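final.tsv follows; it contains TSV, C-alpha atoms.
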```tsv
chain	number	residue	atom	x	y	z
D	18	MET	CA	3.13	-12.86	9.71
D	19	ALA	CA	1.65	-9.75	11.29
D	20	THR	CA	-1.79	-9.43	12.86
D	21	ALA	CA	-3.65	-6.48	14.35
D	22	GLY	CA	-6.62	-6.75	16.66
D	23	GLU	CA	-9.08	-4.82	18.76
D	24	ASP	CA	-6.69	-5.02	21.73
D	25	HIS	CA	-4.52	-2.35	20.01
D	26	LEU	CA	-1.53	-4.66	19.54
D	27	ILE	CA	0.26	-5.61	16.36
D	28	ARG	CA	1.71	-9.08	16.73
D	29	LEU	CA	4.58	-10.47	14.69
D	30	TRP	CA	4.54	-14.27	14.40
D	31	ASN	CA	7.03	-16.89	13.27
D	32	THR	CA	5.03	-18.76	10.62
D	33	HIS	CA	7.12	-21.94	10.96
D	34	THR	CA	6.69	-22.34	14.71
D	35	ALA	CA	3.51	-20.26	15.38
D	36	VAL	CA	5.47	-18.54	18.17
D	37	LEU	CA	4.87	-14.86	18.91
D	38	LYS	CA	8.07	-12.92	18.15
D	39	ARG	CA	7.05	-9.40	19.19
D	40	SER	CA	4.09	-7.20	20.06
D	41	ILE	CA	3.86	-3.53	19.13
D	42	TRP	CA	1.45	-1.25	21.01
D	43	THR	CA	-0.65	1.00	18.72
D	44	ASN	CA	-1.50	3.67	21.31
D	45	SER	CA	-5.20	2.69	21.29
D	46	ARG	CA	-5.49	3.21	17.54
D	47	VAL	CA	-7.32	0.96	15.09
D	48	VAL	CA	-5.03	-0.35	12.33
D	49	SER	CA	-6.46	0.12	8.82
D	50	LYS	CA	-3.40	-0.99	6.78
D	51	LEU	CA	-0.56	-3.32	7.73
D	52	LEU	CA	1.97	-4.33	5.08
D	53	PHE	CA	5.41	-5.97	5.01
D	54	SER	CA	8.16	-4.69	2.73
D	55	PRO	CA	9.23	-7.29	0.12
D	56	ASP	CA	12.37	-8.18	2.11
D	57	GLY	CA	10.34	-8.56	5.33
D	58	THR	CA	12.45	-6.08	7.35
D	59	THR	CA	9.94	-3.23	7.53
D	60	ILE	CA	6.21	-2.98	8.12
D	61	ALA	CA	4.09	-0.03	7.07
D	62	ILE	CA	1.22	0.80	9.40
D	63	ALA	CA	-1.67	3.18	8.82
D	64	TYR	CA	-4.26	3.83	11.49
D	65	ASN	CA	-7.94	4.45	10.86
D	66	ASN	CA	-8.74	8.09	9.97
D	67	GLU	CA	-5.12	9.29	10.06
D	68	GLU	CA	-3.06	11.10	7.44
D	69	ILE	CA	0.30	9.41	8.11
D	70	VAL	CA	2.02	6.06	7.65
D	71	ARG	CA	4.54	4.72	10.14
D	72	LEU	CA	7.44	2.50	9.08
D	73	ILE	CA	8.51	0.02	11.75
D	74	ASP	CA	11.70	-2.07	11.89
D	75	VAL	CA	10.54	-5.69	12.22
D	76	ASN	CA	13.63	-6.77	14.18
D	77	THR	CA	13.44	-4.07	16.85
D	78	GLY	CA	9.77	-3.01	16.77
D	79	GLU	CA	10.98	0.61	16.65
D	80	LYS	CA	9.58	3.30	14.39
D	81	THR	CA	12.07	4.23	11.63
D	82	HIS	CA	10.07	6.91	9.79
D	83	ILE	CA	6.76	8.74	9.84
D	84	LEU	CA	5.47	9.52	6.36
D	85	ALA	CA	3.41	12.68	6.71
D	86	GLY	CA	2.07	15.43	4.48
D	87	LEU	CA	-0.98	13.77	2.96
D	88	ARG	CA	-4.00	15.98	2.34
D	89	GLY	CA	-6.47	13.22	3.21
D	90	THR	CA	-6.58	10.03	5.24
D	91	VAL	CA	-4.64	6.99	4.04
D	92	ASN	CA	-6.57	4.89	1.56
D	93	ASP	CA	-3.89	2.41	0.44
D	94	VAL	CA	-0.19	1.62	0.85
D	95	CYS	CA	2.15	-0.42	-1.38
D	96	PHE	CA	5.88	-1.11	-1.65
D	97	SER	CA	7.75	-1.30	-4.94
D	98	MET	CA	8.93	-4.85	-5.65
D	99	ASP	CA	12.55	-3.87	-4.84
D	100	GLY	CA	11.35	-2.42	-1.50
D	101	LYS	CA	13.03	0.95	-2.06
D	102	THR	CA	9.89	3.02	-2.59
D	103	ILE	CA	6.53	3.14	-0.88
D	104	ALA	CA	3.38	4.64	-2.43
D	105	VAL	CA	0.52	5.96	-0.33
D	106	SER	CA	-2.82	7.00	-1.82
D	107	ASP	CA	-5.11	9.27	0.12
D	108	GLY	CA	-8.86	9.72	-0.01
D	109	LEU	CA	-8.48	12.88	-2.13
D	110	SER	CA	-7.01	11.34	-5.31
D	111	GLU	CA	-3.33	12.01	-4.54
D	112	ILE	CA	-0.55	9.40	-4.60
D	113	TYR	CA	2.63	10.10	-2.63
D	114	LEU	CA	5.98	8.33	-3.11
D	115	TRP	CA	8.62	8.04	-0.38
D	116	ASP	CA	12.13	6.62	-0.14
D	117	VAL	CA	11.83	3.76	2.37
D	118	ARG	CA	15.45	4.02	3.51
D	119	THR	CA	15.47	7.77	4.27
D	120	GLY	CA	11.78	8.50	4.80
D	121	GLU	CA	12.04	11.43	2.38
D	122	GLN	CA	9.12	12.20	0.09
D	123	ILE	CA	10.15	11.68	-3.53
D	124	LYS	CA	7.10	13.13	-5.25
D	125	LYS	CA	3.36	13.56	-5.28
D	126	ILE	CA	1.33	12.35	-8.25
D	127	SER	CA	-2.03	13.99	-8.94
D	128	PRO	CA	-3.78	11.81	-11.51
D	129	THR	CA	-6.19	13.54	-13.87
D	130	ILE	CA	-8.84	11.04	-12.81
D	131	ARG	CA	-10.22	12.04	-9.39
D	132	SER	CA	-11.05	9.06	-7.22
D	133	ARG	CA	-9.90	7.05	-4.22
D	134	PHE	CA	-7.27	4.60	-5.44
D	135	PHE	CA	-5.88	1.24	-4.49
D	136	THR	CA	-2.38	0.95	-5.90
D	137	VAL	CA	0.36	-1.50	-6.74
D	138	PHE	CA	3.72	-1.00	-8.50
D	139	ASN	CA	4.52	-2.96	-11.64
D	140	ARG	CA	7.56	-5.25	-11.49
D	141	ASP	CA	10.22	-2.67	-12.43
D	142	GLY	CA	8.64	0.19	-10.45
D	143	THR	CA	8.10	2.45	-13.48
D	144	LYS	CA	4.30	2.35	-13.29
D	145	LEU	CA	1.62	2.30	-10.65
D	146	ILE	CA	-1.49	0.30	-11.38
D	147	THR	CA	-4.56	1.84	-9.79
D	148	GLY	CA	-8.04	0.56	-9.15
D	149	ASP	CA	-10.74	2.97	-8.07
D	150	ILE	CA	-14.12	3.08	-6.39
D	151	HIS	CA	-15.80	2.96	-9.81
D	152	GLY	CA	-14.15	-0.37	-10.71
D	153	VAL	CA	-11.77	1.16	-13.27
D	154	LEU	CA	-8.14	0.04	-13.56
D	155	ARG	CA	-5.42	2.30	-15.01
D	156	MET	CA	-1.63	2.56	-15.25
D	157	ILE	CA	0.16	5.71	-14.13
D	158	ASP	CA	3.70	6.49	-15.26
D	159	VAL	CA	5.72	7.06	-12.05
D	160	GLU	CA	8.18	9.47	-13.69
D	161	THR	CA	5.71	11.75	-15.50
D	162	GLY	CA	2.51	11.13	-13.53
D	163	SER	CA	0.59	10.68	-16.79
D	164	THR	CA	-2.44	8.43	-16.60
D	165	GLY	CA	-2.87	5.71	-19.20
D	166	SER	CA	-6.09	4.47	-20.72
D	167	ALA	CA	-8.59	2.63	-18.57
D	168	PHE	CA	-8.72	-1.14	-18.75
D	169	GLY	CA	-10.95	-3.69	-17.11
D	170	ALA	CA	-13.89	-1.50	-16.10
D	171	LEU	CA	-15.49	-3.89	-13.60
D	172	ASN	CA	-18.50	-1.75	-12.58
D	173	TRP	CA	-17.80	-2.66	-8.94
D	174	CYS	CA	-15.67	-0.78	-6.42
D	175	ILE	CA	-12.09	-2.11	-6.32
D	176	THR	CA	-11.17	-3.18	-2.77
D	177	GLY	CA	-7.56	-4.26	-3.33
D	178	LEU	CA	-4.75	-4.91	-5.81
D	179	THR	CA	-1.66	-7.07	-5.66
D	180	LEU	CA	0.83	-8.67	-8.04
D	181	THR	CA	1.97	-12.27	-8.02
D	182	ASN	CA	5.57	-12.75	-6.82
D	183	ASP	CA	6.87	-12.97	-10.39
D	184	GLY	CA	5.18	-9.64	-11.23
D	185	ASN	CA	3.38	-11.06	-14.26
D	186	THR	CA	-0.19	-11.22	-12.99
D	187	LEU	CA	-2.29	-8.48	-11.40
D	188	ILE	CA	-4.95	-9.65	-8.95
D	189	SER	CA	-7.87	-7.31	-8.23
D	190	SER	CA	-10.67	-7.74	-5.73
D	191	SER	CA	-14.04	-6.00	-5.90
D	192	VAL	CA	-16.76	-5.16	-3.42
D	193	ASN	CA	-19.02	-7.79	-5.04
D	194	GLY	CA	-16.55	-10.50	-3.95
D	195	ALA	CA	-15.07	-11.09	-7.41
D	196	ILE	CA	-11.35	-11.78	-7.83
D	197	SER	CA	-9.97	-10.95	-11.29
D	198	LEU	CA	-6.59	-11.94	-12.77
D	199	TRP	CA	-4.87	-9.76	-15.38
D	200	ASP	CA	-1.87	-10.62	-17.57
D	201	ILE	CA	0.44	-7.60	-17.08
D	202	SER	CA	2.23	-8.16	-20.40
D	203	LYS	CA	-1.02	-7.47	-22.25
D	204	LEU	CA	-1.81	-4.17	-20.52
```

Any chance you could give the structure as structure tokens?
Amino acid sequence: MATAGEDHLIRLWNTHTAVLKRSIWTNSRVVSKLLFSPDGTTIAIAYNNEEIVRLIDVNTGEKTHILAGLRGTVNDVCFSMDGKTIAVSDGLSEIYLWDVRTGEQIKKISPTIRSRFFTVFNRDGTKLITGDIHGVLRMIDVETGSTGSAFGALNWCITGLTLTNDGNTLISSSVNGAISLWDISKL
């Protein structure tokens, strides 16, 4: 487990023993996003009001890559289920894809719908599911960047998206406190 606090430290904990494994100094920055890769070997860190994401090796605490080149500050970060790709959405409606192993940018997707997005990859990594500040969910084809039809207009700002471990159920949270479950096979 990873935690970040006002003392500018990210702490990595052993969840079985509750023993602190490592602390990582954030250089007096406030962490806005902190996410483990699916295999647990890498954490992605975004700091408040910054336009980059840092990838950190969990075993050493060392930075492996800095993902830069966003036009706006980081809004959301997600790993593909195989852990090979990371998607970062900025506050200006762009979604950037990087190779986790090399740190190289793969592509930038500019959806036709302009909004701040929360994102999650589908199980096979061919689509990104987005939720926006207007409460609208959509699928975006990773290869072509084409945006699918809207589904599940919730009328409340989406605050997060995730998939269950089997990849079959999308979970969305909204600013009104609602949690919604979506059967991916029906979308």

- [ ] Give me the residues within 8 Å of range 38-46 of chain D as a ChimeraX atom specification, counting only C-alpha atoms and dropping any in the same chain fewer than 3 places off.
- [x] /D:24-31,64-65,78

TODO: Pick out the closest residue to Leu109 in chain D from this set: D:Val36, D:Val91, D:Leu84, D:Ile123. Count only C-alpha atoms.
DONE: D:Val91

Test item: axis-aligned box, all listed atoms of range 171-176 of chain D, 5 Å on each side, centre and edges in Å rounded to one decimal, as AutoDock Vina command-line options:
```
--center_x -14.8 --center_y -2.3 --center_z -8.2 --size_x 17.3 --size_y 13.1 --size_z 20.8
```

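If only C-alpha atoms are the atoms counted, then among D:Asp149, D:Glu160, D:Glu121, D:Asp74 the closest residue to Phe134 in chain D is D:Asp149.
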
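For the pair CA of Leu178 in chain D and CA of Ile146 in chain D, the separation is 8.3 Å.
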
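Surrounding residues of (-1.9, -8.6, -20.7) at most 12 Å away are Phe168, Gly169, Gly184, Asn185, Thr186, Leu187, Leu198, Trp199, Asp200, Ile201, Ser202, Lys203 and Leu204 of chain D (based on all atoms listed in the file).
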
Extract, using only C-alpha atoms, all DNA, RNA and protein residues at most 8 Å from Asp93 in chain D, discarding same-chain residues fewer than 3 positions from it, and format them as a PDB file with C-alpha atoms, in the coordinates of the input.
```
ATOM      1  CA  LYS D  50      -3.400  -0.990   6.780  1.00  0.00           C
ATOM      2  CA  VAL D 105       0.520   5.960  -0.330  1.00  0.00           C
ATOM      3  CA  SER D 106      -2.820   7.000  -1.820  1.00  0.00           C
ATOM      4  CA  ASP D 107      -5.110   9.270   0.120  1.00  0.00           C
ATOM      5  CA  PHE D 134      -7.270   4.600  -5.440  1.00  0.00           C
ATOM      6  CA  PHE D 135      -5.880   1.240  -4.490  1.00  0.00           C
ATOM      7  CA  THR D 136      -2.380   0.950  -5.900  1.00  0.00           C
TER       8      THR D 136
END
```

Task: Separation of CA of Tyr113 in chain D from CA of Ala167 in chain D, in Å and rounded to one decimal - done: 20.9 Å

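The gap separating CA of His151 in chain D from CA of Ser97 in chain D is 24.4 Å, in Å to one decimal.
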
- [ ] With a distance cut-off of 9 Å and only C-alpha atoms, select the neighbouring residues of Gly142 in chain D, excluding the residue or stretch itself and same-chain residues fewer than 3 positions from it, and output the selection as JSON, numbers by chain.
- [x] {"D": [97, 98, 99, 102, 138, 139, 145, 159]}

- [ ] Kindly indicate which residue among D:Cys95, D:Ile73, D:Leu114, D:Ala104 lies nearest to Pro55 in chain D, using only C-alpha atoms for the distances.
- [x] D:Cys95

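The nearest approach to Thr59 in chain D among the residues D:Ala19, D:Ala35, D:Ile112, D:Val47, with only C-alpha atoms taken into account, belongs to D:Ala19.
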
TODO: Name the residues in contact with Ile83 in chain D at a cut-off of 10 Å, using all atoms listed in the file, excluding same-chain residues fewer than 4 positions from it; report them as a PyMOL selection string.
DONE: chain D and resi 61-62+69-73+120-121

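Among the candidates D:Ser49, D:Asn172, D:Thr58, D:Ser191, the residue lying nearest to Thr77 in chain D is D:Thr58 (atoms considered: all atoms listed in the file).
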
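Across D:Thr32, D:Glu67, D:Met18, D:Gly89, the tightest approach to Ser54 in chain D is made by D:Met18 when counting all atoms listed in the file.
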
Task: Spatial neighbours of range 161-165 of chain D, 7 Å, all atoms listed in the file, chain gap at least 3 places, as a list in words - done: Ile126, Pro128, Thr129, Arg155, Met156, Ile157 and Asp158 of chain D

Could you save those same residues with C-alpha atoms as a short mmCIF file (atom, residue, chain, number, x, y, z; two decimals), in the coordinates of the input?
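File written: out.cif
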```cif
data_model
loop_
_atom_site.label_atom_id
_atom_site.label_comp_id
_atom_site.auth_asym_id
_atom_site.auth_seq_id
_atom_site.Cartn_x
_atom_site.Cartn_y
_atom_site.Cartn_z
CA ILE D 126 1.33 12.35 -8.25
CA PRO D 128 -3.78 11.81 -11.51
CA THR D 129 -6.19 13.54 -13.87
CA ARG D 155 -5.42 2.30 -15.01
CA MET D 156 -1.63 2.56 -15.25
CA ILE D 157 0.16 5.71 -14.13
CA ASP D 158 3.70 6.49 -15.26
#
```
